[in-house]
Amino acid sequence: MVRISELIYKPIIETFTWSYSRMTSYDDCPYKFFLRYIKDKKEEPMFFSSYGSLVHEILEGFYNGEIPRDEMLMTFLTEYKSKIQGVRPQETTVQKYINDAINYLSKFEPVPYKVLGVEKKVKFEIGGFPMVGYIDLLCEDENGDIIIIDNKSKTLSPRSKKSKPTKNDLDLDRMLKQLYLYSVPVENEYGKKPKLLCFNCFRNGNFIEEPFDEEAYERVRQWAIDLINKLLLVEDFEGTPEFFKCRNICGLHNKCKYYLENKE
């Protein structure tokens, strides 16, 4: 058992302002969490993350009135070579991602809602812990109901509604945690919870609408509190190396002892 006197990282963790990505990075790999947030190591750009960031930037530019609709595709084509960086997967995968972006941007249709905020920064607290986040799109429908939209490069599908959840259903639940967290500052600002939590999956063109669920909202709030309390007591940040994820997704693999020891 770890004694309180041995919790040498607790004073550092107590200073954190938490985010969804900070919390879930521990679930992805405790050692990545350690390197990124405790040792403050800088991540290298990676293909998948920089691809998603570029499309996010173009969408942000459109909704902010900075990139005209008919220039979105050209912006991608002229910038992807310089902005999509890092270790490249197989060339067939690279081409598939590029074609998906071309297909989406060439047929782009704006959301049919009033836009209240674009990349809206929100600060809030859950269980006394400070949080920060950025809502891709905060919208309002014709009835005045609030809608949160998250742009995703992941190719999600609508919920199956099967008695046993599919892998896609589980992915939806995991990613919805972020939008339920963002529902806290939305309720604080607008005095009401969102009606819909949505994913704009720009690679496959799916627009997924999930009705707000009160029970899921409370579960996510409790999940955040429990996870942070757990992290305040963790001293052993072991790596969970998986070759593909380490090499292609983690921007810290070249600083990771687990990856460097096992990459051969």
# chains A, B, ... in the order shown; residues from 1 in each chain; ligands from 1
>>> closest_atom_pairs(of="region 79-99 of chain A", to="region 53-56 of chain A", cutoff="8 Å", atoms="only C-alpha atoms", output="CSV")
residue,atom,partner,partner_atom,distance
A:Tyr80,CA,A:Leu54,CA,7.3
A:Lys83,CA,A:Leu54,CA,6.9
A:Ile84,CA,A:Leu54,CA,7.3
>>> write_last_selection(atoms="N, CA, C and O atoms", output="short mmCIF file (atom, residue, chain, number, x, y, z; two decimals), in the first residue's frame")
data_model
loop_
_atom_site.label_atom_id
_atom_site.label_comp_id
_atom_site.auth_asym_id
_atom_site.auth_seq_id
_atom_site.Cartn_x
_atom_site.Cartn_y
_atom_site.Cartn_z
N TYR A 80 -2.57 20.60 -46.86
CA TYR A 80 -2.40 19.30 -46.20
C TYR A 80 -0.95 18.82 -46.21
O TYR A 80 -0.49 18.17 -45.26
N LYS A 83 0.74 20.78 -43.32
CA LYS A 83 0.15 20.70 -41.98
C LYS A 83 -0.08 19.27 -41.49
O LYS A 83 -0.19 19.05 -40.29
N ILE A 84 -0.21 18.31 -42.39
CA ILE A 84 -0.38 16.92 -41.95
C ILE A 84 1.01 16.31 -41.84
O ILE A 84 1.65 16.02 -42.84
#
>>> residues_around(residues="Ile126 (chain A)", least_positions_apart="6", cutoff="10 Å", atoms="only C-alpha atoms", output="number ranges by chain")
A: 18, 181, 184-185, 221-222, 224-225
>>> atom_distance(atom1="CA of Tyr9 (chain A)", atom2="CA of Leu232 (chain A)")
7.8 Å
>>> closest_atom_pairs(of="region 2-118 of chain A", to="region 244-260 of chain A", cutoff="9 Å", atoms="only C-alpha atoms", output="tab-separated table")
residue	atom	partner	partner_atom	distance
A:Tyr31	CA	A:Cys256	CA	7.9
A:Lys32	CA	A:Leu252	CA	7.0
A:Leu35	CA	A:Leu252	CA	7.7
A:Arg36	CA	A:Leu252	CA	7.8
A:Lys41	CA	A:Leu252	CA	7.7
A:Lys42	CA	A:Leu252	CA	7.4
A:Glu43	CA	A:Gly251	CA	4.6
A:Glu44	CA	A:Gly251	CA	4.6
A:Pro45	CA	A:Gly251	CA	6.1
A:Met46	CA	A:Gly251	CA	6.0
A:Phe47	CA	A:Asn248	CA	7.3
A:Phe48	CA	A:Ile249	CA	6.7
A:Ser49	CA	A:Ile249	CA	7.4
A:Gly86	CA	A:Asn248	CA	8.3
A:Val87	CA	A:Asn248	CA	6.1
A:Arg88	CA	A:Asn248	CA	7.2
A:Pro89	CA	A:Asn248	CA	6.8
>>> residues_around(residues="Leu105 (chain A)", least_positions_apart="2", cutoff="12 Å", atoms="only C-alpha atoms", output="list of chain:residue names")
A:Val55, A:His56, A:Ile58, A:Leu59, A:Phe62, A:Pro68, A:Arg69, A:Asp70, A:Glu71, A:Met72, A:Leu73, A:Met74, A:Thr75, A:Phe76, A:Leu77, A:Ile98, A:Asn99, A:Asp100, A:Ala101, A:Ile102, A:Asn103, A:Lys107, A:Phe108, A:Glu109, A:Pro110, A:Phe202, A:Arg203, A:Asn204, A:Gly205
>>> select_by_dssp(residues="region 97-251 of chain A", states="strand (DSSP E or B)", output="count of residues only")
44
>>> select_by_dssp(residues="region 75-252 of chain A", states="alpha helix (DSSP H)", output="number ranges by chain")
A: 75-83, 91-106, 167-190, 214-231, 243-248
>>> residues_around(residues="Ser21 (chain A)", least_positions_apart="4", cutoff="12 Å", atoms="only C-alpha atoms", output="NGL selection string")
:A and (17 or 25-29 or 32-33 or 36-37 or 131-134 or 174-175 or 177-178 or 181 or 224)
>>> write_last_selection(atoms="N, CA and C atoms", output="PDB file, in the first residue's frame")
ATOM      1  N   THR A  17      -5.617  21.886 -14.084  1.00  0.00           N
ATOM      2  CA  THR A  17      -6.949  22.160 -14.606  1.00  0.00           C
ATOM      3  C   THR A  17      -7.249  21.007 -15.548  1.00  0.00           C
ATOM      4  N   SER A  25      -6.273  10.367 -21.306  1.00  0.00           N
ATOM      5  CA  SER A  25      -4.916   9.952 -21.652  1.00  0.00           C
ATOM      6  C   SER A  25      -4.394   8.928 -20.649  1.00  0.00           C
ATOM      7  N   TYR A  26      -4.852   9.026 -19.417  1.00  0.00           N
ATOM      8  CA  TYR A  26      -4.446   8.031 -18.418  1.00  0.00           C
ATOM      9  C   TYR A  26      -5.024   6.668 -18.766  1.00  0.00           C
ATOM     10  N   ASP A  27      -6.282   6.635 -19.177  1.00  0.00           N
ATOM     11  CA  ASP A  27      -6.896   5.361 -19.574  1.00  0.00           C
ATOM     12  C   ASP A  27      -6.197   4.782 -20.803  1.00  0.00           C
ATOM     13  N   ASP A  28      -5.781   5.645 -21.726  1.00  0.00           N
ATOM     14  CA  ASP A  28      -5.086   5.171 -22.923  1.00  0.00           C
ATOM     15  C   ASP A  28      -3.735   4.557 -22.569  1.00  0.00           C
ATOM     16  N   CYS A  29      -2.986   5.257 -21.723  1.00  0.00           N
ATOM     17  CA  CYS A  29      -1.661   4.772 -21.311  1.00  0.00           C
ATOM     18  C   CYS A  29      -1.187   5.608 -20.133  1.00  0.00           C
ATOM     19  N   LYS A  32       2.010   7.564 -20.751  1.00  0.00           N
ATOM     20  CA  LYS A  32       1.827   8.751 -21.585  1.00  0.00           C
ATOM     21  C   LYS A  32       1.327   9.917 -20.733  1.00  0.00           C
ATOM     22  N   PHE A  33       0.385   9.649 -19.854  1.00  0.00           N
ATOM     23  CA  PHE A  33      -0.107  10.676 -18.926  1.00  0.00           C
ATOM     24  C   PHE A  33       1.056  11.234 -18.105  1.00  0.00           C
ATOM     25  N   ARG A  36       3.431  13.356 -20.437  1.00  0.00           N
ATOM     26  CA  ARG A  36       2.827  14.578 -20.970  1.00  0.00           C
ATOM     27  C   ARG A  36       2.474  15.576 -19.874  1.00  0.00           C
ATOM     28  N   TYR A  37       1.881  15.096 -18.787  1.00  0.00           N
ATOM     29  CA  TYR A  37       1.312  16.041 -17.827  1.00  0.00           C
ATOM     30  C   TYR A  37       2.097  16.191 -16.535  1.00  0.00           C
ATOM     31  N   MET A 131     -12.102  22.566 -14.493  1.00  0.00           N
ATOM     32  CA  MET A 131     -12.138  21.934 -15.815  1.00  0.00           C
ATOM     33  C   MET A 131     -12.083  23.004 -16.899  1.00  0.00           C
ATOM     34  N   VAL A 132     -11.597  22.580 -18.071  1.00  0.00           N
ATOM     35  CA  VAL A 132     -11.607  23.458 -19.235  1.00  0.00           C
ATOM     36  C   VAL A 132     -11.904  22.604 -20.464  1.00  0.00           C
ATOM     37  N   GLY A 133     -12.524  23.202 -21.452  1.00  0.00           N
ATOM     38  CA  GLY A 133     -12.812  22.478 -22.686  1.00  0.00           C
ATOM     39  C   GLY A 133     -13.103  23.447 -23.812  1.00  0.00           C
ATOM     40  N   TYR A 134     -13.182  22.894 -25.024  1.00  0.00           N
ATOM     41  CA  TYR A 134     -13.496  23.686 -26.214  1.00  0.00           C
ATOM     42  C   TYR A 134     -14.594  22.976 -26.982  1.00  0.00           C
ATOM     43  N   ARG A 174     -18.181   6.153 -24.935  1.00  0.00           N
ATOM     44  CA  ARG A 174     -16.900   6.685 -24.452  1.00  0.00           C
ATOM     45  C   ARG A 174     -16.712   8.132 -24.900  1.00  0.00           C
ATOM     46  N   MET A 175     -17.024   8.415 -26.156  1.00  0.00           N
ATOM     47  CA  MET A 175     -16.811   9.767 -26.675  1.00  0.00           C
ATOM     48  C   MET A 175     -17.875  10.748 -26.193  1.00  0.00           C
ATOM     49  N   LYS A 177     -18.790  11.043 -23.256  1.00  0.00           N
ATOM     50  CA  LYS A 177     -18.366  11.575 -21.959  1.00  0.00           C
ATOM     51  C   LYS A 177     -17.912  13.026 -22.098  1.00  0.00           C
ATOM     52  N   GLN A 178     -17.189  13.313 -23.170  1.00  0.00           N
ATOM     53  CA  GLN A 178     -16.709  14.676 -23.384  1.00  0.00           C
ATOM     54  C   GLN A 178     -17.876  15.654 -23.513  1.00  0.00           C
ATOM     55  N   LEU A 181     -19.600  16.244 -20.243  1.00  0.00           N
ATOM     56  CA  LEU A 181     -18.827  17.188 -19.432  1.00  0.00           C
ATOM     57  C   LEU A 181     -19.118  18.623 -19.873  1.00  0.00           C
ATOM     58  N   ALA A 224     -15.858  11.421 -13.712  1.00  0.00           N
ATOM     59  CA  ALA A 224     -14.793  12.422 -13.676  1.00  0.00           C
ATOM     60  C   ALA A 224     -14.262  12.595 -12.256  1.00  0.00           C
TER      61      ALA A 224
END
>>> atom_distance(atom1="CA of Tyr63 (chain A)", atom2="CA of Leu138 (chain A)")
11.0 Å
>>> residues_around(residues="region 112-118 of chain A", least_positions_apart="5", cutoff="8 Å", atoms="only C-alpha atoms", output="number ranges by chain")
A: 60, 63-64, 135-142
>>> atom_distance(atom1="CA of Ile208 (chain A)", atom2="CA of Pro158 (chain A)")
5.6 Å
>>> closest_residue(among="A:Glu215, A:Asp150, A:Asp145, A:Asp226", to="Lys193 (chain A)", atoms="only C-alpha atoms")
A:Asp145
>>> closest_residue(among="A:Glu209, A:Glu261, A:Glu66, A:Glu79", to="Ile147 (chain A)", atoms="only C-alpha atoms")
A:Glu209
